[in-house]
>>> print(open('upload15.txt').read())   # compact mmCIF, C-alpha atoms and all ligand atoms
# COMPACT_ATOMS: atom_id res chain seq x y z
CA MET Z 1 29.68 106.00 -224.34
CA ILE Z 2 29.59 106.86 -220.67
CA GLN Z 3 28.17 110.32 -220.13
CA PRO Z 4 30.70 112.75 -218.64
CA HIS Z 5 28.82 113.35 -215.40
CA ARG Z 6 29.00 109.64 -214.61
CA LYS Z 7 32.75 109.26 -214.76
CA HIS Z 8 33.53 108.94 -211.05
CA PRO Z 9 34.33 106.06 -208.67
CA LEU Z 10 30.92 105.85 -206.99
CA TRP Z 11 29.10 105.60 -210.27
CA PHE Z 12 31.42 102.81 -211.42
CA ALA Z 13 30.85 101.06 -208.09
CA HIS Z 14 27.11 101.42 -208.67
CA ILE Z 15 27.16 100.03 -212.20
CA LEU Z 16 29.41 97.13 -211.17
CA HIS Z 17 26.96 96.28 -208.40
CA ARG Z 18 23.99 96.49 -210.77
CA LEU Z 19 25.58 94.41 -213.54
CA SER Z 20 26.96 91.75 -211.18
CA GLY Z 21 23.49 91.51 -209.63
CA LEU Z 22 21.85 91.04 -213.02
CA ALA Z 23 24.43 88.44 -214.08
CA LEU Z 24 23.95 86.53 -210.84
CA ALA Z 25 20.18 86.65 -211.28
CA LEU Z 26 20.65 85.01 -214.68
CA PHE Z 27 23.05 82.44 -213.26
CA VAL Z 28 21.02 81.30 -210.26
CA PRO Z 29 18.19 79.56 -212.21
CA VAL Z 30 20.78 77.64 -214.25
CA HIS Z 31 22.55 76.73 -211.04
CA PHE Z 32 19.40 75.32 -209.49
CA PHE Z 33 18.51 73.51 -212.70
CA VAL Z 34 21.86 71.71 -212.68
CA LEU Z 35 21.55 70.89 -208.98
CA SER Z 36 18.09 69.48 -209.52
CA LYS Z 37 19.68 66.91 -211.82
CA ALA Z 38 21.21 65.28 -208.74
CA VAL Z 39 17.71 64.13 -207.86
CA THR Z 40 16.12 63.65 -211.26
CA ASN Z 41 18.99 62.51 -213.45
CA PRO Z 42 22.30 61.75 -211.65
CA ALA Z 43 23.98 60.47 -214.81
CA ALA Z 44 23.46 63.81 -216.57
CA LEU Z 45 24.85 65.60 -213.52
CA ASP Z 46 27.97 63.45 -213.56
CA GLY Z 47 28.43 64.20 -217.26
CA PHE Z 48 28.08 67.88 -216.53
CA LEU Z 49 30.52 67.82 -213.63
CA HIS Z 50 33.04 66.09 -215.85
CA TRP Z 51 32.63 68.81 -218.45
CA ALA Z 52 32.99 71.43 -215.70
CA GLU Z 53 36.58 70.29 -215.14
CA SER Z 54 37.71 71.92 -218.40
CA PRO Z 55 39.92 75.03 -218.05
CA LEU Z 56 37.48 77.27 -219.89
CA VAL Z 57 34.72 76.43 -217.45
CA LYS Z 58 37.17 76.98 -214.58
CA LEU Z 59 37.79 80.45 -215.94
CA ALA Z 60 34.05 81.07 -216.19
CA GLU Z 61 33.70 79.93 -212.60
CA PHE Z 62 36.33 82.44 -211.62
CA GLY Z 63 34.12 85.06 -213.24
CA LEU Z 64 31.16 83.83 -211.22
CA VAL Z 65 33.03 83.91 -207.94
CA PHE Z 66 34.24 87.40 -208.79
CA LEU Z 67 30.68 88.53 -209.50
CA LEU Z 68 29.46 87.02 -206.27
CA ALA Z 69 32.29 88.44 -204.17
CA VAL Z 70 32.08 91.89 -205.70
CA HIS Z 71 28.32 91.90 -205.25
CA ILE Z 72 28.55 90.91 -201.59
CA PHE Z 73 31.26 93.41 -200.75
CA GLY Z 74 29.53 96.09 -202.82
CA GLY Z 75 26.41 95.47 -200.76
CA LEU Z 76 28.36 95.62 -197.51
CA ARG Z 77 29.88 98.88 -198.71
CA LEU Z 78 26.41 100.33 -199.30
CA LEU Z 79 25.17 99.19 -195.92
CA ALA Z 80 28.18 100.77 -194.25
CA LEU Z 81 27.86 103.96 -196.28
CA GLU Z 82 24.19 104.37 -195.51
CA PHE Z 83 23.92 103.01 -192.00
CA LEU Z 84 27.05 104.24 -190.29
CA PRO Z 85 26.92 107.88 -189.33
CA TRP Z 86 29.71 109.22 -191.47
CA SER Z 87 29.62 111.50 -194.46
CA GLY Z 88 31.27 111.89 -197.82
CA PRO Z 89 31.56 109.45 -200.70
CA ARG Z 90 34.17 107.11 -199.07
CA LYS Z 91 35.82 106.16 -202.35
CA THR Z 92 38.25 103.88 -200.51
CA LEU Z 93 35.29 101.79 -199.45
CA ALA Z 94 34.25 101.31 -203.08
CA ALA Z 95 37.80 100.42 -204.08
CA GLY Z 96 38.04 98.07 -201.09
CA ALA Z 97 34.90 96.21 -202.17
CA VAL Z 98 36.33 95.57 -205.63
CA ALA Z 99 39.71 94.61 -204.18
CA ALA Z 100 38.10 92.12 -201.80
CA GLY Z 101 36.13 90.70 -204.74
CA PHE Z 102 39.36 90.20 -206.67
CA LEU Z 103 41.19 88.71 -203.72
CA ILE Z 104 38.56 86.07 -203.13
CA SER Z 105 38.01 85.15 -206.76
CA VAL Z 106 41.74 84.96 -207.59
CA THR Z 107 42.30 82.76 -204.52
CA PHE Z 108 39.51 80.56 -205.82
CA LEU Z 109 41.09 80.38 -209.28
CA LEU Z 110 44.52 79.54 -207.90
CA ARG Z 111 43.09 76.75 -205.78
CA ALA Z 112 41.06 75.43 -208.71
CA ILE Z 113 43.99 75.06 -211.11
CA MET C 1 53.48 126.09 -220.64
CA ARG C 2 50.43 125.64 -222.82
CA SER C 3 50.05 128.48 -225.30
CA VAL C 4 46.83 130.40 -224.82
CA PRO C 5 44.60 130.17 -227.92
CA LYS C 6 43.10 133.39 -229.27
CA HIS C 7 39.60 131.98 -229.49
CA LEU C 8 37.48 129.45 -227.72
CA GLU C 9 35.26 127.18 -229.78
CA VAL C 10 31.92 127.32 -228.01
CA SER C 11 28.76 125.34 -228.79
CA ILE C 12 25.63 126.70 -227.19
CA TRP C 13 22.36 124.83 -227.04
CA ARG C 14 19.52 126.77 -228.66
CA GLY C 15 15.87 125.82 -228.54
CA ASP C 16 12.96 125.23 -226.20
CA SER C 17 11.03 122.33 -224.66
CA ALA C 18 10.10 121.07 -228.13
CA GLY C 19 13.75 120.51 -229.12
CA GLY C 20 16.81 122.33 -230.35
CA TYR C 21 20.35 122.20 -231.69
CA PHE C 22 23.88 123.35 -230.84
CA GLU C 23 25.03 126.62 -232.37
CA ASP C 24 28.77 127.31 -232.70
CA PHE C 25 30.47 130.55 -231.72
CA GLN C 26 34.05 131.78 -231.51
CA VAL C 27 34.68 133.73 -228.35
CA PRO C 28 37.86 135.76 -227.68
CA ALA C 29 39.94 134.00 -225.04
CA GLN C 30 40.88 135.92 -221.92
CA LYS C 31 43.32 134.99 -219.21
CA ASN C 32 40.61 135.11 -216.61
CA GLN C 33 37.21 134.11 -217.82
CA THR C 34 34.29 132.22 -216.36
CA ILE C 35 31.76 130.14 -218.29
CA LEU C 36 29.18 132.82 -217.52
CA ASP C 37 31.51 135.45 -219.03
CA VAL C 38 31.64 133.42 -222.23
CA VAL C 39 27.86 133.06 -222.41
CA SER C 40 27.38 136.77 -221.66
CA TRP C 41 29.92 137.73 -224.33
CA ILE C 42 27.95 135.78 -226.93
CA GLN C 43 24.69 137.36 -225.85
CA GLN C 44 26.19 140.87 -225.89
CA ASN C 45 28.23 140.60 -229.08
CA GLU C 46 26.86 137.84 -231.28
CA ASP C 47 23.21 137.16 -230.60
CA ALA C 48 21.11 139.31 -228.29
CA THR C 49 18.31 136.75 -228.33
CA LEU C 50 20.31 134.15 -226.40
CA SER C 51 18.43 133.37 -223.17
CA TYR C 52 20.16 132.37 -219.96
CA ARG C 53 19.85 133.15 -216.27
CA TYR C 54 22.10 134.68 -213.66
CA ALA C 55 21.91 137.29 -210.91
CA CYS C 56 24.69 137.59 -208.34
CA ARG C 57 27.77 136.45 -210.31
CA VAL C 58 29.46 135.47 -207.04
CA GLY C 59 28.04 132.05 -206.23
CA MET C 60 25.29 133.21 -203.89
CA CYS C 61 22.00 133.14 -205.78
CA GLY C 62 22.16 129.72 -207.44
CA SER C 63 20.56 130.83 -210.70
CA CYS C 64 23.37 130.35 -213.23
CA ALA C 65 23.92 126.58 -213.31
CA MET C 66 24.26 124.89 -216.71
CA MET C 67 25.70 121.70 -218.21
CA VAL C 68 29.26 122.46 -219.27
CA ASN C 69 30.91 119.76 -221.39
CA GLY C 70 28.36 117.32 -220.01
CA VAL C 71 28.85 118.15 -216.34
CA PRO C 72 26.59 120.39 -214.22
CA ARG C 73 28.36 123.48 -212.90
CA TRP C 74 27.71 126.92 -211.42
CA THR C 75 28.85 128.95 -214.37
CA CYS C 76 29.66 132.21 -212.58
CA ARG C 77 32.29 130.51 -210.43
CA THR C 78 33.67 128.05 -212.97
CA HIS C 79 36.84 129.18 -214.69
CA VAL C 80 36.94 128.32 -218.38
CA ASN C 81 40.24 126.44 -217.93
CA LYS C 82 38.65 124.14 -215.41
CA ALA C 83 35.91 122.95 -217.73
CA MET C 84 37.45 123.22 -221.19
CA LYS C 85 38.24 120.13 -223.26
CA GLY C 86 41.06 121.12 -225.60
CA ASN C 87 39.80 124.40 -226.90
CA ARG C 88 36.14 123.46 -226.78
CA LEU C 89 33.23 124.30 -224.56
CA GLU C 90 29.75 122.87 -224.90
CA VAL C 91 27.14 124.70 -222.84
CA ALA C 92 23.64 123.26 -222.44
CA PRO C 93 20.69 123.79 -220.10
CA LEU C 94 20.65 121.79 -216.84
CA ARG C 95 19.49 118.19 -217.13
CA ASN C 96 16.28 116.86 -215.58
CA MET C 97 14.27 120.08 -215.94
CA PRO C 98 12.15 121.32 -218.82
CA VAL C 99 13.82 123.98 -220.95
CA ILE C 100 12.10 127.34 -221.24
CA LYS C 101 14.44 128.71 -223.87
CA ASP C 102 18.10 128.12 -224.73
CA LEU C 103 20.02 127.84 -221.45
CA ALA C 104 17.17 128.78 -219.10
CA THR C 105 15.29 125.89 -217.49
CA ASP C 106 11.98 125.84 -215.67
CA MET C 107 12.94 125.16 -212.04
CA ASP C 108 9.36 125.03 -210.68
CA VAL C 109 9.35 121.25 -210.18
CA PHE C 110 12.67 121.45 -208.39
CA PHE C 111 11.35 124.01 -205.90
CA ASP C 112 7.94 122.34 -205.54
CA LYS C 113 9.76 119.24 -204.35
CA TRP C 114 11.31 121.17 -201.45
CA VAL C 115 7.79 121.75 -200.17
CA LYS C 116 6.71 118.17 -200.93
CA ALA C 117 9.65 116.92 -198.87
CA GLU C 118 8.40 119.12 -195.98
CA GLY C 119 11.57 121.17 -196.31
CA VAL C 120 9.75 124.03 -194.63
CA HIS C 121 9.84 125.36 -191.09
CA HIS C 122 7.30 123.93 -188.65
CA PRO C 123 7.18 126.38 -185.75
CA SER C 124 7.45 124.99 -182.24
CA LYS C 125 6.93 128.28 -180.41
CA THR C 126 4.95 131.48 -180.71
CA ARG C 127 6.22 135.03 -180.74
CA GLU C 128 5.21 135.25 -177.08
CA ASP C 129 7.75 132.63 -176.02
CA VAL C 130 11.28 133.53 -175.05
CA ILE C 131 13.93 132.73 -177.63
CA GLU C 132 15.65 129.50 -176.73
CA PRO C 133 19.41 129.71 -177.24
CA ILE C 134 20.95 126.86 -179.25
CA THR C 135 24.70 126.58 -178.86
CA GLY C 136 27.13 125.43 -181.50
CA ASP C 137 28.07 122.28 -179.63
CA ASN C 138 24.54 120.93 -179.97
CA ILE C 139 24.85 117.72 -182.05
CA GLU C 140 21.56 118.21 -183.90
CA ARG C 141 22.54 121.78 -184.72
CA ALA C 142 25.86 120.61 -186.16
CA LYS C 143 24.00 118.17 -188.44
CA ALA C 144 21.61 120.89 -189.55
CA ASN C 145 24.47 123.31 -190.15
CA ALA C 146 26.07 120.88 -192.60
CA GLY C 147 23.32 121.57 -195.12
CA ILE C 148 22.34 125.19 -194.66
CA GLU C 149 24.73 126.66 -197.22
CA CYS C 150 22.67 125.21 -200.08
CA ILE C 151 22.08 127.90 -202.73
CA ASN C 152 19.29 126.02 -204.57
CA CYS C 153 21.34 125.84 -207.75
CA ALA C 154 20.01 122.39 -208.80
CA VAL C 155 23.47 121.20 -209.85
CA CYS C 156 22.97 118.08 -207.71
CA TYR C 157 19.48 117.59 -209.13
CA ALA C 158 20.82 117.75 -212.68
CA ALA C 159 23.60 115.28 -211.83
CA CYS C 160 21.24 112.71 -210.30
CA ASP C 161 20.43 109.68 -212.46
CA THR C 162 17.67 108.65 -210.09
CA VAL C 163 15.78 111.87 -210.88
CA ARG C 164 16.34 111.00 -214.52
CA GLY C 165 14.81 107.55 -214.02
CA ASN C 166 11.94 108.67 -211.79
CA PRO C 167 10.78 112.25 -212.42
CA ASN C 168 8.80 112.12 -209.15
CA TYR C 169 11.88 111.38 -207.03
CA LEU C 170 12.26 114.27 -204.60
CA GLY C 171 15.95 114.63 -205.43
CA PRO C 172 19.10 115.43 -203.46
CA ALA C 173 18.53 119.11 -202.67
CA ALA C 174 14.97 118.77 -201.34
CA LEU C 175 15.90 115.71 -199.30
CA GLN C 176 18.94 117.44 -197.89
CA ARG C 177 16.70 120.33 -196.83
CA ALA C 178 14.30 117.85 -195.21
CA TRP C 179 17.24 116.38 -193.25
CA THR C 180 18.27 119.89 -192.19
CA VAL C 181 14.77 120.70 -190.98
CA TYR C 182 14.60 117.31 -189.24
CA ASN C 183 17.71 118.17 -187.26
CA ASP C 184 16.56 121.67 -186.38
CA VAL C 185 15.90 121.55 -182.63
CA LYS C 186 13.37 124.33 -183.01
CA ASP C 187 11.33 122.50 -185.62
CA ALA C 188 8.15 120.76 -184.52
CA GLY C 189 7.53 118.78 -187.71
CA LYS C 190 9.90 115.82 -187.45
CA ARG C 191 7.19 113.22 -188.03
CA ALA C 192 5.78 115.17 -190.95
CA VAL C 193 9.26 115.28 -192.49
CA LEU C 194 9.81 111.54 -192.08
CA ALA C 195 6.37 110.78 -193.49
CA ALA C 196 7.05 113.01 -196.49
CA VAL C 197 10.42 111.46 -197.33
CA SER C 198 9.69 107.78 -196.64
CA GLY C 199 7.40 107.14 -199.63
CA ARG C 200 8.50 105.51 -202.86
CA ASP C 201 9.69 108.81 -204.32
CA GLY C 202 11.60 109.68 -201.17
CA CYS C 203 15.01 108.94 -199.68
CA HIS C 204 14.86 105.16 -200.21
CA ASN C 205 14.76 105.71 -203.95
CA CYS C 206 18.35 107.02 -203.81
CA HIS C 207 20.95 104.62 -205.19
CA THR C 208 23.91 106.21 -203.43
CA GLN C 209 25.70 107.00 -206.69
CA GLY C 210 27.01 110.15 -205.12
CA SER C 211 26.94 112.42 -208.17
CA CYS C 212 25.12 115.00 -206.04
CA THR C 213 27.90 115.16 -203.46
CA LEU C 214 30.59 115.09 -206.13
CA TYR C 215 29.24 118.05 -208.10
CA CYS C 216 27.73 120.27 -205.38
CA PRO C 217 29.64 123.52 -205.87
CA ASN C 218 29.38 124.36 -202.18
CA ASP C 219 30.93 121.05 -201.12
CA LEU C 220 27.76 119.94 -199.40
CA ASP C 221 26.92 116.27 -199.01
CA PRO C 222 23.31 115.56 -200.04
CA MET C 223 24.14 111.85 -200.32
CA GLY C 224 25.15 111.83 -196.65
CA ALA C 225 22.00 113.76 -195.71
CA ILE C 226 19.86 111.21 -197.57
CA ALA C 227 21.65 108.38 -195.74
CA GLY C 228 20.70 110.20 -192.52
CA LEU C 229 17.06 110.21 -193.60
CA LYS C 230 17.26 106.52 -194.49
CA ARG C 231 18.47 105.74 -190.96
CA ALA C 232 15.88 108.00 -189.36
CA THR C 233 12.94 106.62 -191.38
CA ILE C 234 13.98 103.02 -190.69
CA ALA C 235 14.38 103.69 -186.98
CA ALA C 236 10.93 105.36 -186.98
CA ALA C 237 9.39 102.41 -188.83
CA PHE C 238 10.72 100.02 -186.16
CA LYS C 239 9.15 102.26 -183.54
CA LYS C 240 5.98 102.29 -185.68
CA GLU C 241 6.07 106.07 -185.99
CA VAL C 242 5.83 106.02 -189.75
CA GLY C 243 4.57 103.17 -191.89
S1 LIG Z 301 23.36 109.84 -204.16
FE1 LIG Z 301 21.12 109.69 -204.41
S2 LIG Z 301 20.42 111.78 -204.61
FE2 LIG Z 301 22.64 111.79 -204.92
S3 LIG Z 301 22.88 111.69 -207.14
FE3 LIG Z 301 22.91 109.62 -206.34
S4 LIG Z 301 20.82 108.85 -206.46
FE4 LIG Z 301 20.78 111.07 -206.66
S1 LIG Z 302 22.98 120.84 -202.48
FE1 LIG Z 302 24.65 121.87 -203.55
S2 LIG Z 302 24.32 121.38 -205.71
FE2 LIG Z 302 22.41 120.93 -204.63
S3 LIG Z 302 21.17 122.77 -204.87
FE3 LIG Z 302 22.28 122.94 -202.91
S4 LIG Z 302 24.16 124.04 -203.39
FE4 LIG Z 302 23.30 123.34 -205.33
S1 LIG Z 303 25.03 134.01 -210.80
FE1 LIG Z 303 24.46 133.68 -208.71
S2 LIG Z 303 25.34 131.74 -208.29
FE2 LIG Z 303 26.05 132.14 -210.29
>>> encode(input="upload15.txt", output="structure tokens", more="lines below")
Ligand code: SF4
Ligand code: SF4
Ligand code: FES
Amino acid sequence: MIQPHRKHPLWFAHILHRLSGLALALFVPVHFFVLSKAVTNPAALDGFLHWAESPLVKLAEFGLVFLLAVHIFGGLRLLALEFLPWSGPRKTLAAGAVAAGFLISVTFLLRAI
Amino acid sequence: MRSVPKHLEVSIWRGDSAGGYFEDFQVPAQKNQTILDVVSWIQQNEDATLSYRYACRVGMCGSCAMMVNGVPRWTCRTHVNKAMKGNRLEVAPLRNMPVIKDLATDMDVFFDKWVKAEGVHHPSKTREDVIEPITGDNIERAKANAGIECINCAVCYAACDTVRGNPNYLGPAALQRAWTVYNDVKDAGKRAVLAAVSGRDGCHNCHTQGSCTLYCPNDLDPMGAIAGLKRATIAAAFKKEVG
């Protein structure tokens, strides 16, 4: 259960940023492991790339692109919020970061299928 | 129109730093009633041993803040209708501070942090000097003015999850005061302020969750003040003024 004092846009923006960051941190080692196969074991890489064509994996990739996009834009939001001399919570900025994340990842999905 | 119930169902936290429990009361509903009125009614009519704190009743002194239905509020200026969930109110002591008894918390740490953050005046003149006029269109003065209405209620401090995670974090109110002092043209301690707030428990610990700004009953913006300190400390680090 989310505690009552946390139910506001900036907290949700914060938790989305934190969770996407953690998920990406888990993904990156796997990513590099698979890439390393190009050097050590090209046949295994080809097998993997073939498997990666399946729709389920495409959907998972959409998730990844979303995480990446939302994390980047969330970070840009924070930089803007903290380094530009304005005040107030700027909720539109938080919403904009998520929207941009969606835009990019959905475009990716539509191009992939 | 919603029919007005005769009674409010109120749970009040009872206990001390060792632990406690919620005790239920029924309080007669009034058309106009603040959370503090409800707590006072219980203390005057049901249980004289209930401990809580207030002084001014008009939002000036900052002593009456409590958690109301899970959200920190100044109770003397919070109408029951604004905070009620259905017919229920749950009143607990402020988060992030040790409880003395029932609804009264020990605010020492909160105030000590104001001093730790160098949120104190550093004189730049003596009584012999002439008083230097500072006009309202002074940019620094405008930035300082933004934070001076703080009533030290600790609502922001109770709302802050970073204080929860790091009990040494200076917290929104103390940092906002540091930013105010930093912008005071008559203050001679700018470097001392930046040094005090740039450590690991200072402004860079803030995660910009904004609960402080959201809940501040005086509509102040501690999150914005902390962002100001972040910019100032980083600029000073580039100039090698603070390390
Ligand atoms: S913005 Fe910073 S100081 Fe304010 S509640 Fe969040 S972490 Fe705490
Ligand atoms: S900044 Fe606002 S919430 Fe925090 S202590 Fe001051 S008045 Fe209270
Ligand atoms: S009693 Fe003084 S602020 Fe509420």
>>> closest_residue(input="upload15.txt", among="C:Leu194, C:Met84, C:Ala154, C:Val71", to="chain Z", atoms="all atoms listed in the file")
C:Val71
>>> atom_distance(input="upload15.txt", atom1="CA of Tyr169 (chain C)", atom2="CA of Asp112 (chain C)")
11.7 Å
>>> closest_residue(input="upload15.txt", among="C:Ala227, C:Val185, C:Cys160, C:Ala192", to="ligand LIG 301 (chain Z)", atoms="all atoms listed in the file")
C:Cys160
>>> atom_distance(input="upload15.txt", atom1="CA of His71 (chain Z)", atom2="CA of Thr107 (chain Z)")
16.7 Å
>>> residues_near_ligand(input="upload15.txt", ligand="ligand LIG 303 (chain Z)", cutoff="10 Å", atoms="all atoms listed in the file", output="ChimeraX atom specification")
/C:36,53-66,73-78,151-153,217
>>> atom_distance(input="upload15.txt", atom1="CA of Ile148 (chain C)", atom2="CA of Asn205 (chain C)")
22.9 Å
>>> residues_near_ligand(input="upload15.txt", ligand="ligand LIG 302 (chain Z)", cutoff="8 Å", atoms="all atoms listed in the file", output="NGL selection string")
:C and (62 or 147 or 149-157 or 172-173 or 176 or 212-213 or 215-222)
>>> residues_near_ligand(input="upload15.txt", ligand="ligand LIG 301 (chain Z)", cutoff="6 Å", atoms="all atoms listed in the file", output="PyMOL selection string")
chain C and resi 159-162+171-172+206-212+223
>>> write_last_selection(input="upload15.txt", atoms="C-alpha atoms", output="PDB file, keeping the file's coordinate frame")
ATOM      1  CA  ALA C 159      23.600 115.280-211.830  1.00  0.00           C
ATOM      2  CA  CYS C 160      21.240 112.710-210.300  1.00  0.00           C
ATOM      3  CA  ASP C 161      20.430 109.680-212.460  1.00  0.00           C
ATOM      4  CA  THR C 162      17.670 108.650-210.090  1.00  0.00           C
ATOM      5  CA  GLY C 171      15.950 114.630-205.430  1.00  0.00           C
ATOM      6  CA  PRO C 172      19.100 115.430-203.460  1.00  0.00           C
ATOM      7  CA  CYS C 206      18.350 107.020-203.810  1.00  0.00           C
ATOM      8  CA  HIS C 207      20.950 104.620-205.190  1.00  0.00           C
ATOM      9  CA  THR C 208      23.910 106.210-203.430  1.00  0.00           C
ATOM     10  CA  GLN C 209      25.700 107.000-206.690  1.00  0.00           C
ATOM     11  CA  GLY C 210      27.010 110.150-205.120  1.00  0.00           C
ATOM     12  CA  SER C 211      26.940 112.420-208.170  1.00  0.00           C
ATOM     13  CA  CYS C 212      25.120 115.000-206.040  1.00  0.00           C
ATOM     14  CA  MET C 223      24.140 111.850-200.320  1.00  0.00           C
TER      15      MET C 223
END
>>> interface_residues(input="upload15.txt", of="chain Z", to="chain C", cutoff="6 Å", atoms="only C-alpha atoms", output="list in words")
Pro4, His5, Leu10, Trp11, Glu82 and Ser87 of chain Z
>>> residues_around(input="upload15.txt", residues="region 18-23 of chain Z", least_positions_apart="5", cutoff="8 Å", atoms="all atoms listed in the file", output="list in words")
Leu67, Leu68, Val70 and His71 of chain Z
>>> residues_around(input="upload15.txt", residues="Ala94 (chain Z)", least_positions_apart="6", cutoff="12 Å", atoms="all atoms listed in the file", output="PyMOL selection string")
(chain Z and resi 8-17+70-81+100-101) or (chain C and resi 208-210)
>>> residues_around(input="upload15.txt", residues="Asp201 (chain C)", least_positions_apart="3", cutoff="12 Å", atoms="only C-alpha atoms", output="list in words")
Lys113, Lys116, Ala117, Thr162, Val163, Gly165, Asn166, Pro167, Asn168, Tyr169, Leu170, Gly171, Pro172, Ala174, Leu175, Ala195, Ala196, Val197, Ser198, His204, Asn205 and Cys206 of chain C
>>> residues_around(input="upload15.txt", residues="Glu132 (chain C)", least_positions_apart="6", cutoff="12 Å", atoms="all atoms listed in the file", output="PyMOL selection string")
chain C and resi 124-126+185-186
>>> residues_around(input="upload15.txt", residues="Val181 (chain C)", least_positions_apart="3", cutoff="9 Å", atoms="only C-alpha atoms", output="tab-separated table (two decimals) with C-alpha atoms, in the coordinates of the input")
chain	number	residue	atom	x	y	z
C	118	GLU	CA	8.40	119.12	-195.98
C	119	GLY	CA	11.57	121.17	-196.31
C	120	VAL	CA	9.75	124.03	-194.63
C	121	HIS	CA	9.84	125.36	-191.09
C	122	HIS	CA	7.30	123.93	-188.65
C	144	ALA	CA	21.61	120.89	-189.55
C	176	GLN	CA	18.94	117.44	-197.89
C	177	ARG	CA	16.70	120.33	-196.83
C	178	ALA	CA	14.30	117.85	-195.21
C	184	ASP	CA	16.56	121.67	-186.38
C	185	VAL	CA	15.90	121.55	-182.63
C	186	LYS	CA	13.37	124.33	-183.01
C	187	ASP	CA	11.33	122.50	-185.62
C	189	GLY	CA	7.53	118.78	-187.71
C	190	LYS	CA	9.90	115.82	-187.45
C	193	VAL	CA	9.26	115.28	-192.49
